[in-house]
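Next up, target_29.cif (mmCIF, C-alpha atoms):
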```cif
data_model
loop_
_atom_site.label_atom_id
_atom_site.label_comp_id
_atom_site.auth_asym_id
_atom_site.auth_seq_id
_atom_site.Cartn_x
_atom_site.Cartn_y
_atom_site.Cartn_z
CA MET A 18 -13.37 -14.35 7.03
CA TYR A 19 -10.34 -14.67 4.73
CA GLU A 20 -12.61 -14.22 1.72
CA LEU A 21 -13.89 -10.96 3.20
CA LEU A 22 -10.40 -9.68 4.00
CA ASN A 23 -9.12 -10.67 0.55
CA ASP A 24 -12.04 -8.87 -1.10
CA ILE A 25 -11.23 -5.76 0.95
CA LEU A 26 -7.55 -6.01 0.02
CA GLN A 27 -8.37 -6.43 -3.69
CA CYS A 28 -10.67 -3.41 -3.50
CA ILE A 29 -7.98 -1.27 -1.86
CA GLU A 30 -5.46 -2.44 -4.50
CA PHE A 31 -7.96 -1.46 -7.20
CA VAL A 32 -8.18 2.05 -5.73
CA SER A 33 -4.39 2.28 -5.48
CA ARG A 34 -3.39 0.74 -8.82
CA SER A 35 -6.31 1.63 -11.06
CA VAL A 36 -8.44 4.44 -9.64
CA LEU A 37 -5.61 6.78 -8.62
CA PRO A 38 -3.62 6.69 -11.90
CA ASN A 39 -6.79 6.81 -14.03
CA LEU A 40 -8.15 9.70 -12.00
CA ALA A 41 -4.90 11.65 -12.36
CA GLU A 42 -4.95 11.13 -16.14
CA ILE A 43 -8.66 12.00 -16.41
CA GLU A 44 -8.17 15.21 -14.40
CA GLU A 45 -5.20 16.29 -16.52
CA THR A 46 -6.86 15.47 -19.86
CA TRP A 47 -10.23 16.95 -18.88
CA GLY A 48 -8.56 20.15 -17.69
CA ARG A 49 -6.64 20.54 -20.96
CA CYS A 50 -9.47 19.61 -23.35
CA SER A 51 -12.18 21.60 -21.56
CA GLN A 52 -9.96 24.70 -21.58
CA LEU A 53 -9.25 24.23 -25.29
CA TYR A 54 -12.97 23.85 -25.96
CA ALA A 55 -13.78 26.99 -23.94
CA GLY A 56 -11.10 28.84 -25.92
CA PHE A 57 -12.60 27.74 -29.24
CA VAL A 58 -16.08 28.86 -28.12
CA GLU A 59 -14.72 32.27 -27.19
CA LYS A 60 -12.93 32.58 -30.56
CA ILE A 61 -16.09 31.57 -32.46
CA ASN A 62 -18.07 34.29 -30.71
CA VAL A 63 -15.31 36.81 -31.41
CA ALA A 64 -15.33 35.76 -35.08
CA TRP A 65 -19.05 36.61 -35.29
CA ARG A 66 -18.75 39.91 -33.39
CA ALA A 67 -15.42 41.31 -34.59
CA PRO A 68 -15.74 44.38 -36.84
CA LEU A 69 -14.30 43.70 -40.29
CA ASP A 70 -13.41 46.05 -43.12
CA THR A 71 -16.25 46.39 -45.67
CA ASP A 72 -13.92 45.84 -48.64
CA PHE A 73 -12.53 42.71 -46.96
CA LEU A 74 -16.07 41.39 -46.39
CA GLU A 75 -16.98 42.05 -50.00
CA GLU A 76 -13.96 40.04 -51.14
CA PHE A 77 -14.53 37.24 -48.59
CA PRO A 78 -18.28 37.35 -47.75
CA ASP A 79 -18.29 33.92 -46.05
CA ILE A 80 -15.13 34.46 -43.96
CA ARG A 81 -16.99 34.48 -40.62
CA ILE A 82 -18.78 31.22 -41.42
CA LYS A 83 -15.56 29.52 -42.56
CA VAL A 84 -13.64 30.56 -39.44
CA ALA A 85 -16.53 29.62 -37.12
CA LYS A 86 -17.00 26.22 -38.77
CA LYS A 87 -13.29 25.38 -38.53
CA LEU A 88 -13.19 26.37 -34.86
CA GLU A 89 -16.40 24.44 -34.21
CA ARG A 90 -14.84 21.26 -35.68
CA LEU A 91 -11.81 21.70 -33.43
CA GLY A 92 -14.12 22.23 -30.45
CA ASN A 93 -16.13 19.11 -31.27
CA ASP A 94 -12.89 17.09 -31.26
CA GLN A 95 -12.31 18.21 -27.67
CA LEU A 96 -15.90 17.35 -26.71
CA SER A 97 -15.40 13.83 -28.10
CA VAL A 98 -12.42 13.37 -25.77
CA LEU A 99 -14.45 14.66 -22.81
CA ARG A 100 -17.27 12.19 -23.56
CA LEU A 101 -14.74 9.33 -23.60
CA LEU A 102 -13.45 10.48 -20.21
CA ILE A 103 -16.99 10.45 -18.78
CA GLY A 104 -17.28 6.86 -20.03
CA ARG A 105 -14.04 5.94 -18.24
CA MET A 106 -15.26 7.59 -15.03
CA SER A 107 -18.52 5.64 -15.29
CA ASN A 108 -16.66 2.32 -15.69
CA ILE A 109 -14.32 2.98 -12.74
CA ASN A 110 -17.24 4.13 -10.62
CA GLU A 111 -19.31 1.04 -11.46
CA CYS A 112 -16.38 -1.36 -10.92
CA LEU A 113 -15.69 0.03 -7.44
CA LYS A 114 -19.40 -0.14 -6.57
CA ILE A 115 -19.56 -3.83 -7.56
CA LYS A 116 -16.54 -4.60 -5.35
CA LEU A 117 -18.04 -2.62 -2.47
CA ASP A 118 -21.38 -4.44 -2.77
CA ARG A 119 -19.59 -7.81 -2.67
CA ILE A 120 -17.76 -6.78 0.51
CA ASN A 121 -20.98 -5.61 2.17
CA ASN A 122 -22.68 -8.91 1.22
CA ARG A 123 -19.83 -10.86 2.83
CA LEU A 124 -20.01 -8.67 5.94
CA GLU A 125 -23.67 -9.59 6.34
CA GLN A 126 -22.83 -13.29 6.20
CA ILE A 127 -20.05 -13.49 8.79
CA SER A 128 -20.82 -14.81 12.27
CA PHE A 129 -21.14 -12.81 15.47
CA GLU A 130 -17.86 -14.30 16.69
CA GLU A 131 -16.09 -13.19 13.51
CA HIS A 132 -17.60 -9.71 13.90
CA ASN A 133 -16.06 -9.49 17.38
CA GLU A 134 -12.74 -10.76 16.08
CA LEU A 135 -12.64 -8.10 13.38
CA LYS A 136 -13.33 -5.37 15.96
CA HIS A 137 -13.21 -1.86 14.42
CA SER A 138 -10.60 -2.44 11.71
CA VAL A 139 -12.77 -3.92 8.97
CA PRO A 140 -15.70 -1.49 9.36
CA GLU A 141 -13.16 1.35 9.13
CA HIS A 142 -11.74 -0.11 5.90
CA VAL A 143 -15.22 -0.55 4.44
CA MET A 144 -16.23 3.00 5.41
CA TRP A 145 -13.10 4.31 3.68
CA ILE A 146 -13.97 2.34 0.49
CA GLU A 147 -17.50 3.77 0.66
CA ASP A 148 -16.04 7.27 1.00
CA CYS A 149 -13.83 6.64 -2.05
CA TRP A 150 -16.83 5.51 -4.08
CA THR A 151 -18.82 8.58 -2.95
CA CYS A 152 -15.98 10.89 -4.07
CA LEU A 153 -15.77 9.15 -7.47
CA HIS A 154 -19.53 9.09 -7.93
CA CYS A 155 -19.84 12.81 -7.15
CA LEU A 156 -17.06 13.65 -9.60
CA TYR A 157 -18.64 11.47 -12.29
CA MET A 158 -22.01 13.19 -11.73
CA GLN A 159 -20.34 16.63 -11.96
CA LEU A 160 -18.75 15.76 -15.30
CA ASP A 161 -21.86 14.12 -16.70
CA PHE A 162 -24.12 17.00 -15.64
CA ALA A 163 -21.74 19.60 -17.11
CA MET A 164 -21.78 17.75 -20.44
CA MET A 165 -25.55 17.16 -20.45
CA SER A 166 -26.26 20.82 -19.69
CA LEU A 167 -23.78 22.13 -22.27
CA ILE A 168 -25.23 24.86 -24.50
CA VAL A 169 -23.43 25.02 -27.84
CA LEU A 170 -21.33 28.18 -28.31
CA ASP A 171 -22.30 29.50 -24.86
CA GLU A 172 -19.19 30.79 -23.06
CA GLU A 173 -20.57 30.34 -19.53
CA SER A 174 -21.62 26.79 -20.33
CA ALA A 175 -18.12 26.07 -21.73
CA SER A 176 -16.63 27.56 -18.56
CA ASN A 177 -18.73 25.14 -16.48
CA LEU A 178 -17.01 22.26 -18.28
CA VAL A 179 -13.64 23.58 -17.09
CA LYS A 180 -14.90 23.88 -13.49
CA ALA A 181 -16.55 20.43 -13.48
CA ILE A 182 -13.32 18.51 -12.86
CA ARG A 183 -12.56 20.36 -9.63
CA GLN A 184 -12.63 18.16 -6.55
CA ASP A 185 -12.51 19.32 -2.97
CA GLU A 186 -9.27 18.56 -1.11
CA LYS A 187 -11.07 16.24 1.31
CA GLY A 188 -12.14 13.96 -1.54
CA LYS A 189 -8.63 13.88 -3.03
CA SER A 190 -7.12 13.22 0.40
CA THR A 191 -9.55 10.33 1.02
CA ILE A 192 -8.59 8.46 -2.15
CA ARG A 193 -4.86 9.06 -1.59
CA LYS A 194 -5.02 7.09 1.68
CA SER A 195 -5.09 3.80 -0.29
CA GLN A 196 -1.48 2.86 0.58
CA MET A 197 -2.12 3.37 4.28
CA TYR A 198 -5.23 1.18 4.16
CA MET A 199 -3.45 -1.46 2.09
CA GLN A 200 -0.75 -1.84 4.75
CA SER A 201 -3.40 -1.87 7.47
CA CYS A 202 -5.37 -4.61 5.68
CA LEU A 203 -2.23 -6.73 5.12
CA SER A 204 -1.40 -6.41 8.82
CA LEU A 205 -4.95 -7.46 9.73
CA ILE A 206 -4.76 -10.53 7.45
CA LYS A 207 -1.42 -11.47 9.03
CA PHE A 208 -2.86 -11.01 12.53
CA ILE A 209 -5.93 -13.19 11.80
CA SER A 210 -3.71 -15.81 10.14
CA ASN A 211 -1.36 -16.00 13.15
CA LYS A 212 -4.29 -16.11 15.55
CA THR A 213 -5.80 -19.03 13.63
CA LYS A 214 -2.48 -20.91 13.70
CA ILE A 215 -2.18 -20.41 17.47
CA LYS A 216 -5.74 -21.70 17.96
CA GLN A 217 -4.95 -24.81 15.91
CA LEU A 218 -1.79 -25.48 17.94
CA CYS A 219 -3.74 -25.22 21.19
CA ILE A 220 -6.34 -27.78 20.08
#
```
Serialized structure, structure tokens:
Amino acid sequence: MYELLNDILQCIEFVSRSVLPNLAEIEETWGRCSQLYAGFVEKINVAWRAPLDTDFLEEFPDIRIKVAKKLERLGNDQLSVLRLLIGRMSNINECLKIKLDRINNRLEQISFEEHNELKHSVPEHVMWIEDCWTCLHCLYMQLDFAMMSLIVLDEESASNLVKAIRQDEKGKSTIRKSQMYMQSCLSLIKFISNKTKIKQLCI
């Protein structure tokens, strides 16, 4: 039982100390870099469409290509950052899933008596962890799909990258409850510990 509760506590701490700060940084960086990329795509398209003076074009015939290539390089730098962020999301997502699977395996192994002792608290904690993983997994899939379906120099496609990081408020609220669940889990561990001590004294 203690192993199960400790696994749950470690998982909640992982959400609180690793997932939350990483997610905040990923959201901020993705928002900035995707907007920069979308801006570069728009400027590239403007560079190709903008009317230029004939004399100017005769003097600088490759000006459009030079401007477009420079902007494209800058845009590719932003895409590299976005790909790294998707990798980070994948790692966090996978790490939480491994922890969740371990908890579920332990839950399957505890006795009927221990199940009764845990009452509703532990299943509620596990359901919350599963909800956290679902939120992370959905966000990861959004980012990955937006990148996979990216059409080079397409403004709508670039705009989809900007929108991909958006989470619904319910998902954000779920993950932010980590501190509440941490305190609840610590209280449960203390309760089980005291109950065990009382049992031993009575024997």
(request) Kindly give the distance, in Å, that separates atom CA of A:Cys112 and atom CA of A:Leu96, rounded to a single decimal. (result) 24.5 Å
(message) Please enumerate the residues selected by the PyMOL selection byres ((chain A and resi 52-56) around 10) when evaluated against the supplied file, formatted as a PyMOL selection string.
(response) chain A and resi 46-51+57-61+88-89+91-96+99+170-180
(message) Around (-20.6, -1.1, -4.4), as given in the file, which residues come within 12 Å? Count all atoms listed in the file and list them as a list of chain:residue names.
(response)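 Here is the list of nearby residues: A:Ile25, A:Cys28, A:Ile109, A:Asn110, A:Glu111, A:Cys112, A:Leu113, A:Lys114, A:Ile115, A:Lys116, A:Leu117, A:Asp118, A:Arg119, A:Ile120, A:Asn121, A:Asn122, A:Val143, A:Met144, A:Ile146, A:Glu147, A:Asp148, A:Cys149, A:Trp150, A:Thr151, A:Leu153, A:His154.
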(message) Could you tell me how far atom CA of A:Glu42 sits from atom CA of A:Cys152, in Å to one decimal place?
(response)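 Taking atom CA of A:Cys152 as the start and atom CA of A:Glu42 as the end point, the length is 16.4 Å.
The coordinates place atom CA of A:Tyr198 at 22.9 Å from atom CA of A:Gln126.
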(message) When you count all atoms listed in the file, which of these residues is closest to A:Met199: A:Val84, A:Val98, A:Leu22, A:Ala181?
(response) A:Leu22
